[in-house]
$ cat structure_25.txt   # compact mmCIF, C-alpha atoms
# COMPACT_ATOMS: atom_id res chain seq x y z
CA MET A 250 88.20 -96.13 23.72
CA LYS A 251 87.57 -94.31 20.54
CA ARG A 252 83.90 -93.74 19.73
CA ASP A 253 82.49 -93.55 16.24
CA PRO A 254 81.41 -89.96 15.42
CA LEU A 255 78.07 -91.22 14.19
CA TYR A 256 77.53 -92.97 17.50
CA LEU A 257 78.29 -89.78 19.45
CA SER A 258 75.90 -87.80 17.31
CA SER A 259 73.18 -90.32 18.05
CA ILE A 260 73.79 -90.03 21.79
CA ILE A 261 73.63 -86.23 21.68
CA CYS A 262 70.34 -86.30 19.77
CA CYS A 263 68.87 -88.74 22.26
CA LEU A 264 69.95 -86.60 25.21
CA ALA A 265 68.50 -83.49 23.63
CA PHE A 266 65.21 -85.25 22.97
CA SER A 267 65.09 -86.57 26.55
CA ALA A 268 65.77 -83.10 27.94
CA ALA A 269 62.93 -81.69 25.88
CA ILE A 270 60.57 -84.35 27.17
CA LEU A 271 61.64 -83.74 30.78
CA SER A 272 61.29 -79.98 30.44
CA CYS A 273 57.76 -80.40 29.11
CA SER A 274 56.87 -82.63 32.03
CA HIS A 275 57.50 -79.73 34.42
CA ILE A 276 54.89 -77.47 32.74
CA ASP A 277 51.81 -77.13 34.88
CA GLU A 278 48.73 -78.68 33.31
CA ASN A 279 46.90 -75.34 33.34
CA GLU A 280 49.77 -73.63 31.51
CA ARG A 281 49.91 -75.99 28.56
CA TYR A 282 46.98 -74.46 26.67
CA ILE A 283 45.94 -70.87 26.08
CA ASN A 284 42.17 -70.42 26.18
CA ILE A 285 41.25 -67.67 23.71
CA GLU A 286 37.99 -65.93 24.63
CA PRO A 287 35.77 -64.44 21.88
CA VAL A 288 36.70 -60.84 21.21
CA LYS A 289 33.86 -58.38 21.61
CA PRO A 290 33.87 -54.60 21.33
CA GLU A 291 33.94 -52.64 24.56
CA PRO A 292 30.52 -51.12 25.34
CA GLU A 293 31.87 -47.57 25.18
CA SER A 294 33.27 -48.21 21.69
CA VAL A 295 29.84 -49.06 20.21
CA THR A 296 27.63 -46.09 19.46
CA ARG A 297 23.94 -46.49 19.93
CA ALA A 298 21.83 -45.33 17.00
CA VAL A 299 18.23 -44.16 17.27
CA LEU A 300 15.19 -45.33 15.33
CA LEU A 301 12.69 -42.56 14.62
CA GLU A 302 9.41 -43.99 13.32
CA ASP A 303 7.67 -41.06 11.67
CA PHE A 304 3.95 -41.77 11.33
CA THR A 305 3.06 -39.53 8.45
CA GLY A 306 0.51 -39.06 5.68
CA GLN A 307 0.15 -37.28 2.38
CA ARG A 308 -3.05 -35.62 3.61
CA CYS A 309 -1.31 -34.37 6.75
CA VAL A 310 -0.60 -30.63 6.49
CA ASN A 311 1.89 -30.58 9.37
CA CYS A 312 3.82 -33.68 8.30
CA PRO A 313 6.32 -31.66 6.22
CA ARG A 314 7.25 -29.88 9.47
CA GLY A 315 8.12 -33.24 10.96
CA THR A 316 10.25 -34.00 7.92
CA GLU A 317 12.13 -30.74 8.47
CA VAL A 318 12.99 -31.80 12.03
CA ILE A 319 14.29 -35.14 10.76
CA GLU A 320 16.42 -33.48 8.10
CA GLN A 321 17.92 -31.11 10.66
CA LEU A 322 18.68 -33.97 13.08
CA GLN A 323 20.36 -36.01 10.37
CA GLN A 324 22.33 -33.03 9.14
CA GLU A 325 23.63 -32.27 12.63
CA LEU A 326 24.06 -35.80 14.02
CA GLY A 327 24.36 -37.98 10.93
CA ASP A 328 21.90 -40.27 9.20
CA SER A 329 23.74 -43.32 10.54
CA LEU A 330 22.86 -42.26 14.10
CA VAL A 331 19.36 -40.89 13.47
CA ILE A 332 17.64 -43.50 11.33
CA ALA A 333 14.21 -42.33 10.24
CA VAL A 334 11.44 -44.40 8.70
CA GLY A 335 8.39 -42.72 7.16
CA ILE A 336 5.38 -44.93 7.94
CA HIS A 337 2.47 -43.85 5.78
CA GLY A 338 -0.96 -44.83 7.02
CA GLY A 339 -3.57 -43.81 9.55
CA PRO A 340 -6.46 -41.43 8.91
CA LEU A 341 -4.33 -38.97 6.92
CA GLY A 342 -2.63 -41.60 4.80
CA PHE A 343 -3.33 -41.83 1.07
CA LYS A 344 -3.33 -45.14 -0.80
CA GLY A 345 -3.58 -43.53 -4.21
CA THR A 346 -5.91 -43.39 -7.17
CA ALA A 347 -5.58 -44.17 -10.86
CA ARG A 348 -4.08 -40.70 -11.33
CA ALA A 349 -2.12 -40.10 -8.13
CA LEU A 350 0.51 -42.19 -6.34
CA GLY A 351 -0.32 -43.10 -2.76
CA LEU A 352 2.25 -44.22 -0.19
CA ALA A 353 0.03 -45.53 2.60
CA THR A 354 0.10 -49.28 3.18
CA ASP A 355 -1.94 -51.81 5.11
CA VAL A 356 1.02 -52.47 7.39
CA GLY A 357 1.31 -48.72 8.03
CA ASP A 358 -2.32 -48.76 9.18
CA GLU A 359 -1.61 -51.79 11.36
CA TYR A 360 1.30 -50.10 13.08
CA TYR A 361 -0.68 -46.88 13.57
CA ASN A 362 -3.56 -48.75 15.19
CA TYR A 363 -1.35 -51.01 17.28
CA TRP A 364 0.34 -48.06 18.98
CA LYS A 365 -3.06 -46.38 19.47
CA LEU A 366 -1.88 -43.17 17.88
CA GLU A 367 -4.29 -40.26 17.70
CA TYR A 368 -2.74 -37.66 15.40
CA GLN A 369 -0.13 -37.06 12.70
CA PRO A 370 2.70 -36.40 12.47
CA VAL A 371 3.68 -38.39 15.54
CA GLY A 372 6.90 -40.23 16.21
CA LEU A 373 8.19 -43.17 18.19
CA ILE A 374 11.77 -42.60 19.34
CA ASN A 375 13.20 -46.06 19.97
CA ARG A 376 9.58 -47.01 20.73
CA HIS A 377 9.32 -45.04 23.95
CA GLY A 378 5.80 -43.69 23.51
CA ALA A 379 4.19 -41.30 21.05
CA THR A 380 6.03 -37.99 20.70
CA ASN A 381 5.09 -34.75 18.96
CA TYR A 382 7.56 -33.62 16.30
CA THR A 383 8.41 -30.54 18.38
CA ASP A 384 9.94 -32.88 20.99
CA TRP A 385 11.81 -35.23 18.66
CA THR A 386 15.17 -33.49 18.98
CA ALA A 387 15.27 -33.69 22.78
CA GLU A 388 14.17 -37.33 22.79
CA VAL A 389 16.74 -38.33 20.17
CA VAL A 390 19.56 -36.69 22.12
CA LYS A 391 18.42 -38.50 25.26
CA GLU A 392 18.48 -41.88 23.50
CA LEU A 393 21.87 -41.30 21.92
CA ALA A 394 23.37 -40.82 25.39
CA LYS A 395 22.41 -44.35 26.47
CA PRO A 396 24.94 -47.21 26.19
CA ALA A 397 24.52 -49.86 23.52
CA SER A 398 23.90 -53.49 24.49
CA LEU A 399 24.33 -54.70 20.89
CA ALA A 400 26.48 -54.09 17.86
CA LEU A 401 24.47 -54.37 14.65
CA SER A 402 25.38 -54.15 10.98
CA ALA A 403 23.71 -55.03 7.69
CA LYS A 404 24.56 -55.65 4.04
CA ALA A 405 22.18 -55.99 1.12
CA ALA A 406 22.48 -56.58 -2.61
CA ILE A 407 20.09 -57.05 -5.49
CA ASN A 408 20.20 -60.59 -6.84
CA GLY A 409 17.97 -60.90 -9.88
CA SER A 410 14.40 -60.24 -8.77
CA GLN A 411 15.15 -60.18 -5.06
CA VAL A 412 17.28 -58.48 -2.42
CA ASP A 413 19.68 -60.66 -0.43
CA ILE A 414 20.15 -59.31 3.08
CA SER A 415 22.73 -60.20 5.73
CA ILE A 416 22.39 -58.84 9.27
CA THR A 417 25.11 -59.40 11.88
CA ALA A 418 24.52 -58.88 15.60
CA MET A 419 26.91 -59.20 18.53
CA GLY A 420 26.06 -59.02 22.21
CA ILE A 421 27.97 -56.30 24.06
CA ASP A 422 26.43 -56.23 27.50
CA GLY A 423 24.50 -59.24 28.74
CA THR A 424 22.06 -61.50 26.90
CA THR A 425 19.39 -60.02 24.64
CA ASN A 426 16.07 -61.79 24.20
CA GLY A 427 14.02 -59.84 21.69
CA LYS A 428 13.02 -59.57 18.07
CA LEU A 429 14.95 -58.75 14.94
CA GLN A 430 13.01 -56.63 12.45
CA ALA A 431 14.06 -55.73 8.90
CA TRP A 432 12.30 -53.20 6.70
CA LEU A 433 12.78 -52.17 3.09
CA LEU A 434 12.69 -48.41 2.44
CA GLU A 435 12.66 -46.22 -0.64
CA ASP A 436 13.97 -42.66 -1.04
CA SER A 437 13.34 -39.90 -3.58
CA ILE A 438 9.71 -40.69 -4.34
CA THR A 439 7.86 -37.86 -6.09
CA ALA A 440 4.25 -37.80 -4.93
CA LEU A 441 1.66 -35.30 -3.78
CA GLN A 442 1.75 -33.86 -0.28
CA MET A 443 -0.51 -31.40 1.49
CA MET A 444 1.52 -28.51 2.87
CA PRO A 445 1.29 -26.38 6.03
CA ASP A 446 -0.11 -23.42 4.06
CA GLY A 447 -3.01 -25.56 2.82
CA SER A 448 -1.68 -26.05 -0.69
CA THR A 449 -0.98 -29.38 -2.36
CA ASN A 450 2.50 -30.00 -3.72
CA ALA A 451 2.35 -32.60 -6.52
CA GLU A 452 6.17 -32.64 -6.81
CA TYR A 453 6.99 -33.24 -3.16
CA ILE A 454 9.98 -35.56 -2.54
CA HIS A 455 9.33 -38.28 0.04
CA ASN A 456 12.31 -40.04 1.63
CA HIS A 457 12.87 -43.10 3.83
CA VAL A 458 9.38 -44.39 2.98
CA LEU A 459 8.54 -47.80 4.42
CA ARG A 460 7.71 -50.07 1.51
CA THR A 461 7.43 -53.43 3.24
CA PRO A 462 8.58 -55.46 6.25
CA VAL A 463 11.05 -58.14 5.19
CA ASN A 464 10.61 -60.73 7.94
CA GLY A 465 7.01 -60.29 9.01
CA THR A 466 5.12 -57.40 10.54
CA TRP A 467 6.81 -57.82 13.92
CA GLY A 468 10.06 -59.55 13.01
CA GLU A 469 11.46 -62.78 14.39
CA ASP A 470 12.57 -63.98 17.82
CA VAL A 471 16.31 -63.81 18.56
CA THR A 472 18.55 -64.55 21.52
CA ILE A 473 21.98 -62.97 21.41
CA HIS A 474 24.47 -63.70 24.16
CA GLU A 475 27.27 -61.43 25.28
CA ALA A 476 30.37 -61.79 23.04
CA GLU A 477 28.35 -63.98 20.66
CA GLU A 478 28.08 -63.02 17.01
CA GLN A 479 25.16 -64.17 14.90
CA THR A 480 24.40 -63.57 11.23
CA PHE A 481 20.86 -63.68 9.85
CA THR A 482 20.14 -64.12 6.16
CA LEU A 483 16.92 -62.77 4.65
CA ARG A 484 15.48 -62.34 1.16
CA GLN A 485 12.95 -59.84 -0.15
CA PRO A 486 11.26 -60.08 -3.57
CA LEU A 487 11.39 -56.83 -5.54
CA ASP A 488 8.29 -54.99 -6.66
CA GLU A 489 8.34 -53.46 -10.13
CA ALA A 490 6.79 -50.29 -8.71
CA TRP A 491 9.87 -49.57 -6.60
CA ASN A 492 12.85 -47.64 -7.92
CA HIS A 493 15.63 -50.12 -7.22
CA ARG A 494 18.30 -47.42 -7.26
CA HIS A 495 16.78 -45.76 -4.20
CA LEU A 496 16.17 -48.74 -1.92
CA SER A 497 17.75 -49.37 1.47
CA ILE A 498 17.40 -51.72 4.42
CA VAL A 499 16.77 -50.81 8.05
CA ALA A 500 17.32 -53.51 10.65
CA PHE A 501 16.77 -53.26 14.39
CA VAL A 502 16.49 -55.37 17.52
CA TYR A 503 13.83 -54.55 20.07
CA ASP A 504 12.22 -55.96 23.18
CA SER A 505 9.52 -54.86 25.62
CA SER A 506 11.73 -51.96 26.75
CA GLY A 507 12.06 -50.50 23.25
CA VAL A 508 14.58 -50.53 20.42
CA LEU A 509 18.02 -51.68 21.57
CA GLN A 510 20.00 -51.03 18.39
CA VAL A 511 19.32 -50.09 14.78
CA THR A 512 21.32 -49.92 11.58
CA LYS A 513 20.76 -48.96 7.96
CA ALA A 514 22.39 -50.17 4.76
CA SER A 515 22.10 -49.10 1.14
CA ILE A 516 21.46 -51.86 -1.36
CA GLU A 517 24.28 -52.78 -3.70
CA LYS A 518 23.14 -52.88 -7.31
$ encode --input "structure_25.txt" --output "structure tokens"
Amino acid sequence: MKRDPLYLSSIICCLAFSAAILSCSHIDENERYINIEPVKPEPESVTRAVLLEDFTGQRCVNCPRGTEVIEQLQQELGDSLVIAVGIHGGPLGFKGTARALGLATDVGDEYYNYWKLEYQPVGLINRHGATNYTDWTAEVVKELAKPASLALSAKAAINGSQVDISITAMGIDGTTNGKLQAWLLEDSITALQMMPDGSTNAEYIHNHVLRTPVNGTWGEDVTIHEAEEQTFTLRQPLDEAWNHRHLSIVAFVYDSSGVLQVTKASIEK
């Protein structure tokens, strides 16, 4: 019997559809979906940076020697790996007069007293105890050799009379329960400094000077799980006394064992 071509085409389409349905029915339930895990960097691919908190003062005759060590470390290892912060305060800090600019701050005094420091210059290398500037190089190298448990990055931009800051953290190895701290720094500040030979240099250039904490003196609590990425948004009002062209942001995560990761970002104008 002669079949209509349209009828045959309909049969073929139905058979093809049925075959497709049957073939799908033979796929194991566990094979029907692909579970995509979050992608995280391998631990060995994330370099650990080091935070060097330089407790310094304008009345401290040996503090320029500490600055020289920092400059040498950053020249040899890079300022993205050795991130220095000049914390002015303590007994040799100078808060200024009507005629002379001072860089010491109340928060600098608070940090100095909290760590029970006894002299200047003195440094905290990833917050592993007070260290004389003559030992900073060895301690920095030791810290750089340790694996990173976090990846950390930051961006910042001036928005009117404030700085908008974005900090992104990702867990690399295990869960981190600690604190996220952000600081605002200023470079290229011309202010007096007592020198090792006993003279006073009124044209001394101070760099990476801590101006203010952004999110409180001790930061804020964070929990970052392995392979989890979190972004934190912060804002910092600008002070007219700061040179906005020379500002930067330092962000770090720390816990009771010390600083786990640190990063630094210039501020987009």
$ closest_residue --input "structure_25.txt" --among "A:Ser506, A:Thr296, A:Asn464, A:Asn375" --to "Ala400 in chain A" --atoms "all atoms listed in the file"
A:Thr296
$ residues_around --input "structure_25.txt" --residues "Ala397 in chain A" --least-positions-apart "4" --cutoff "7 Å" --atoms "only C-alpha atoms" --output "list in words"
Pro292, Val295, Thr296, Arg297 and Gln510 of chain A
$ atom_distance --input "structure_25.txt" --atom1 "CA of Ala298 in chain A" --atom2 "CA of Pro370 in chain A"
21.6 Å
$ closest_residue --input "structure_25.txt" --among "A:Val511, A:Ile332, A:Leu434, A:Val299" --to "Val389 in chain A" --atoms "all atoms listed in the file"
A:Val299
$ atom_distance --input "structure_25.txt" --atom1 "CA of Gln430 in chain A" --atom2 "CA of Ala394 in chain A"
22.9 Å
$ residues_around --input "structure_25.txt" --residues "Glu302 in chain A" --least-positions-apart "2" --cutoff "10 Å" --atoms "all atoms listed in the file" --output "ChimeraX atom specification"
/A:299-300,304-305,332-336,371-376,379,459
$ residues_around --input "structure_25.txt" --residues "range 424-429 of chain A" --least-positions-apart "5" --cutoff "7 Å" --atoms "all atoms listed in the file" --output "number ranges by chain"
A: 468-475, 501-504
$ closest_residue --input "structure_25.txt" --among "A:Gln323, A:Gln411, A:Gln369, A:Asn381" --to "Leu433 in chain A" --atoms "only C-alpha atoms"
A:Gln411
$ atom_distance --input "structure_25.txt" --atom1 "CA of Glu489 in chain A" --atom2 "CA of Gly409 in chain A"
12.2 Å
$ residues_around --input "structure_25.txt" --residues "Gln479 in chain A" --least-positions-apart "6" --cutoff "8 Å" --atoms "only C-alpha atoms" --output "PDB file with C-alpha atoms, in the coordinates of the input"
ATOM      1  CA  THR A 417      25.110 -59.400  11.880  1.00  0.00           C
ATOM      2  CA  ALA A 418      24.520 -58.880  15.600  1.00  0.00           C
ATOM      3  CA  MET A 419      26.910 -59.200  18.530  1.00  0.00           C
ATOM      4  CA  ILE A 473      21.980 -62.970  21.410  1.00  0.00           C
TER       5      ILE A 473
END
$ closest_residue --input "structure_25.txt" --among "A:Ser448, A:Asn408, A:Thr346, A:Thr354" --to "His493 in chain A" --atoms "only C-alpha atoms"
A:Asn408
$ residues_around --input "structure_25.txt" --residues "range 337-344 of chain A" --least-positions-apart "5" --cutoff "10 Å" --atoms "all atoms listed in the file" --output "JSON, numbers by chain"
{"A": [303, 304, 305, 306, 307, 308, 309, 310, 312, 349, 350, 351, 352, 353, 354, 355, 356, 357, 358, 359, 360, 361, 362, 366, 367, 368, 369, 370, 441, 442, 458, 459, 460]}
$ closest_residue --input "structure_25.txt" --among "A:Thr316, A:Thr480, A:Ser410, A:Ser415" --to "Ala514 in chain A" --atoms "only C-alpha atoms"
A:Ser415
$ closest_residue --input "structure_25.txt" --among "A:Lys518, A:Trp385, A:Leu401, A:Leu393" --to "Gly327 in chain A" --atoms "all atoms listed in the file"
A:Leu393
$ build_atoms --input "structure_25.txt" --residues "range 349-382 of chain A" --atoms "N, CA and C atoms" --output "PDB file, in the frame of the given file"
ATOM      1  N   ALA A 349      -3.060 -40.636  -9.119  1.00  0.00           N
ATOM      2  CA  ALA A 349      -2.120 -40.100  -8.130  1.00  0.00           C
ATOM      3  C   ALA A 349      -1.513 -41.240  -7.302  1.00  0.00           C
ATOM      4  N   LEU A 350      -0.213 -41.169  -7.097  1.00  0.00           N
ATOM      5  CA  LEU A 350       0.510 -42.190  -6.340  1.00  0.00           C
ATOM      6  C   LEU A 350       0.251 -42.017  -4.847  1.00  0.00           C
ATOM      7  N   GLY A 351      -0.142 -43.105  -4.213  1.00  0.00           N
ATOM      8  CA  GLY A 351      -0.320 -43.100  -2.760  1.00  0.00           C
ATOM      9  C   GLY A 351       0.752 -43.942  -2.100  1.00  0.00           C
ATOM     10  N   LEU A 352       1.162 -43.539  -0.896  1.00  0.00           N
ATOM     11  CA  LEU A 352       2.250 -44.220  -0.190  1.00  0.00           C
ATOM     12  C   LEU A 352       1.787 -44.977   1.044  1.00  0.00           C
ATOM     13  N   ALA A 353       0.539 -44.826   1.422  1.00  0.00           N
ATOM     14  CA  ALA A 353       0.030 -45.530   2.600  1.00  0.00           C
ATOM     15  C   ALA A 353      -0.081 -47.024   2.301  1.00  0.00           C
ATOM     16  N   THR A 354       0.157 -47.827   3.311  1.00  0.00           N
ATOM     17  CA  THR A 354       0.100 -49.280   3.180  1.00  0.00           C
ATOM     18  C   THR A 354      -0.752 -49.868   4.284  1.00  0.00           C
ATOM     19  N   ASP A 355      -1.170 -51.110   4.077  1.00  0.00           N
ATOM     20  CA  ASP A 355      -1.940 -51.810   5.110  1.00  0.00           C
ATOM     21  C   ASP A 355      -1.107 -52.001   6.372  1.00  0.00           C
ATOM     22  N   VAL A 356       0.191 -52.281   6.208  1.00  0.00           N
ATOM     23  CA  VAL A 356       1.020 -52.470   7.390  1.00  0.00           C
ATOM     24  C   VAL A 356       1.232 -51.151   8.126  1.00  0.00           C
ATOM     25  N   GLY A 357       1.243 -50.033   7.378  1.00  0.00           N
ATOM     26  CA  GLY A 357       1.310 -48.720   8.030  1.00  0.00           C
ATOM     27  C   GLY A 357       0.085 -48.480   8.895  1.00  0.00           C
ATOM     28  N   ASP A 358      -1.092 -48.864   8.387  1.00  0.00           N
ATOM     29  CA  ASP A 358      -2.320 -48.760   9.180  1.00  0.00           C
ATOM     30  C   ASP A 358      -2.241 -49.652  10.418  1.00  0.00           C
ATOM     31  N   GLU A 359      -1.708 -50.854  10.234  1.00  0.00           N
ATOM     32  CA  GLU A 359      -1.610 -51.790  11.360  1.00  0.00           C
ATOM     33  C   GLU A 359      -0.726 -51.242  12.464  1.00  0.00           C
ATOM     34  N   TYR A 360       0.418 -50.684  12.078  1.00  0.00           N
ATOM     35  CA  TYR A 360       1.300 -50.100  13.080  1.00  0.00           C
ATOM     36  C   TYR A 360       0.623 -48.908  13.775  1.00  0.00           C
ATOM     37  N   TYR A 361      -0.018 -48.062  13.009  1.00  0.00           N
ATOM     38  CA  TYR A 361      -0.680 -46.880  13.570  1.00  0.00           C
ATOM     39  C   TYR A 361      -1.720 -47.300  14.606  1.00  0.00           C
ATOM     40  N   ASN A 362      -2.505 -48.299  14.273  1.00  0.00           N
ATOM     41  CA  ASN A 362      -3.560 -48.750  15.190  1.00  0.00           C
ATOM     42  C   ASN A 362      -2.995 -49.494  16.394  1.00  0.00           C
ATOM     43  N   TYR A 363      -1.930 -50.250  16.177  1.00  0.00           N
ATOM     44  CA  TYR A 363      -1.350 -51.010  17.280  1.00  0.00           C
ATOM     45  C   TYR A 363      -0.847 -50.078  18.386  1.00  0.00           C
ATOM     46  N   TRP A 364      -0.204 -48.990  17.985  1.00  0.00           N
ATOM     47  CA  TRP A 364       0.340 -48.060  18.980  1.00  0.00           C
ATOM     48  C   TRP A 364      -0.705 -47.085  19.497  1.00  0.00           C
ATOM     49  N   LYS A 365      -1.949 -47.227  19.023  1.00  0.00           N
ATOM     50  CA  LYS A 365      -3.060 -46.380  19.470  1.00  0.00           C
ATOM     51  C   LYS A 365      -2.739 -44.894  19.315  1.00  0.00           C
ATOM     52  N   LEU A 366      -2.228 -44.551  18.153  1.00  0.00           N
ATOM     53  CA  LEU A 366      -1.880 -43.170  17.880  1.00  0.00           C
ATOM     54  C   LEU A 366      -3.130 -42.376  17.545  1.00  0.00           C
ATOM     55  N   GLU A 367      -3.076 -41.079  17.816  1.00  0.00           N
ATOM     56  CA  GLU A 367      -4.290 -40.260  17.700  1.00  0.00           C
ATOM     57  C   GLU A 367      -4.127 -39.062  16.786  1.00  0.00           C
ATOM     58  N   TYR A 368      -2.932 -38.817  16.277  1.00  0.00           N
ATOM     59  CA  TYR A 368      -2.740 -37.660  15.400  1.00  0.00           C
ATOM     60  C   TYR A 368      -1.503 -37.901  14.553  1.00  0.00           C
ATOM     61  N   GLN A 369      -1.301 -37.024  13.586  1.00  0.00           N
ATOM     62  CA  GLN A 369      -0.130 -37.060  12.700  1.00  0.00           C
ATOM     63  C   GLN A 369       0.333 -35.636  12.407  1.00  0.00           C
ATOM     64  N   PRO A 370       1.650 -35.404  12.302  1.00  0.00           N
ATOM     65  CA  PRO A 370       2.700 -36.400  12.470  1.00  0.00           C
ATOM     66  C   PRO A 370       2.920 -36.731  13.947  1.00  0.00           C
ATOM     67  N   VAL A 371       3.317 -37.951  14.192  1.00  0.00           N
ATOM     68  CA  VAL A 371       3.680 -38.390  15.540  1.00  0.00           C
ATOM     69  C   VAL A 371       4.827 -39.376  15.372  1.00  0.00           C
ATOM     70  N   GLY A 372       5.734 -39.372  16.334  1.00  0.00           N
ATOM     71  CA  GLY A 372       6.900 -40.230  16.210  1.00  0.00           C
ATOM     72  C   GLY A 372       7.091 -41.145  17.399  1.00  0.00           C
ATOM     73  N   LEU A 373       7.696 -42.284  17.135  1.00  0.00           N
ATOM     74  CA  LEU A 373       8.190 -43.170  18.190  1.00  0.00           C
ATOM     75  C   LEU A 373       9.704 -43.105  18.153  1.00  0.00           C
ATOM     76  N   ILE A 374      10.325 -42.680  19.246  1.00  0.00           N
ATOM     77  CA  ILE A 374      11.770 -42.600  19.340  1.00  0.00           C
ATOM     78  C   ILE A 374      12.250 -43.833  20.095  1.00  0.00           C
ATOM     79  N   ASN A 375      12.816 -44.776  19.374  1.00  0.00           N
ATOM     80  CA  ASN A 375      13.200 -46.060  19.970  1.00  0.00           C
ATOM     81  C   ASN A 375      12.027 -46.718  20.692  1.00  0.00           C
ATOM     82  N   ARG A 376      10.824 -46.414  20.224  1.00  0.00           N
ATOM     83  CA  ARG A 376       9.580 -47.010  20.730  1.00  0.00           C
ATOM     84  C   ARG A 376       9.337 -46.717  22.211  1.00  0.00           C
ATOM     85  N   HIS A 377       9.584 -45.458  22.585  1.00  0.00           N
ATOM     86  CA  HIS A 377       9.320 -45.040  23.950  1.00  0.00           C
ATOM     87  C   HIS A 377       8.134 -44.086  24.003  1.00  0.00           C
ATOM     88  N   GLY A 378       7.012 -44.487  23.430  1.00  0.00           N
ATOM     89  CA  GLY A 378       5.800 -43.690  23.510  1.00  0.00           C
ATOM     90  C   GLY A 378       5.698 -42.664  22.398  1.00  0.00           C
ATOM     91  N   ALA A 379       4.456 -42.266  22.108  1.00  0.00           N
ATOM     92  CA  ALA A 379       4.190 -41.300  21.050  1.00  0.00           C
ATOM     93  C   ALA A 379       4.727 -39.928  21.428  1.00  0.00           C
ATOM     94  N   THR A 380       5.394 -39.279  20.454  1.00  0.00           N
ATOM     95  CA  THR A 380       6.030 -37.990  20.700  1.00  0.00           C
ATOM     96  C   THR A 380       5.715 -37.020  19.580  1.00  0.00           C
ATOM     97  N   ASN A 381       5.331 -35.796  19.952  1.00  0.00           N
ATOM     98  CA  ASN A 381       5.090 -34.750  18.960  1.00  0.00           C
ATOM     99  C   ASN A 381       6.397 -34.337  18.297  1.00  0.00           C
ATOM    100  N   TYR A 382       6.324 -33.946  17.040  1.00  0.00           N
ATOM    101  CA  TYR A 382       7.560 -33.620  16.300  1.00  0.00           C
ATOM    102  C   TYR A 382       8.348 -32.486  16.937  1.00  0.00           C
TER     103      TYR A 382
END
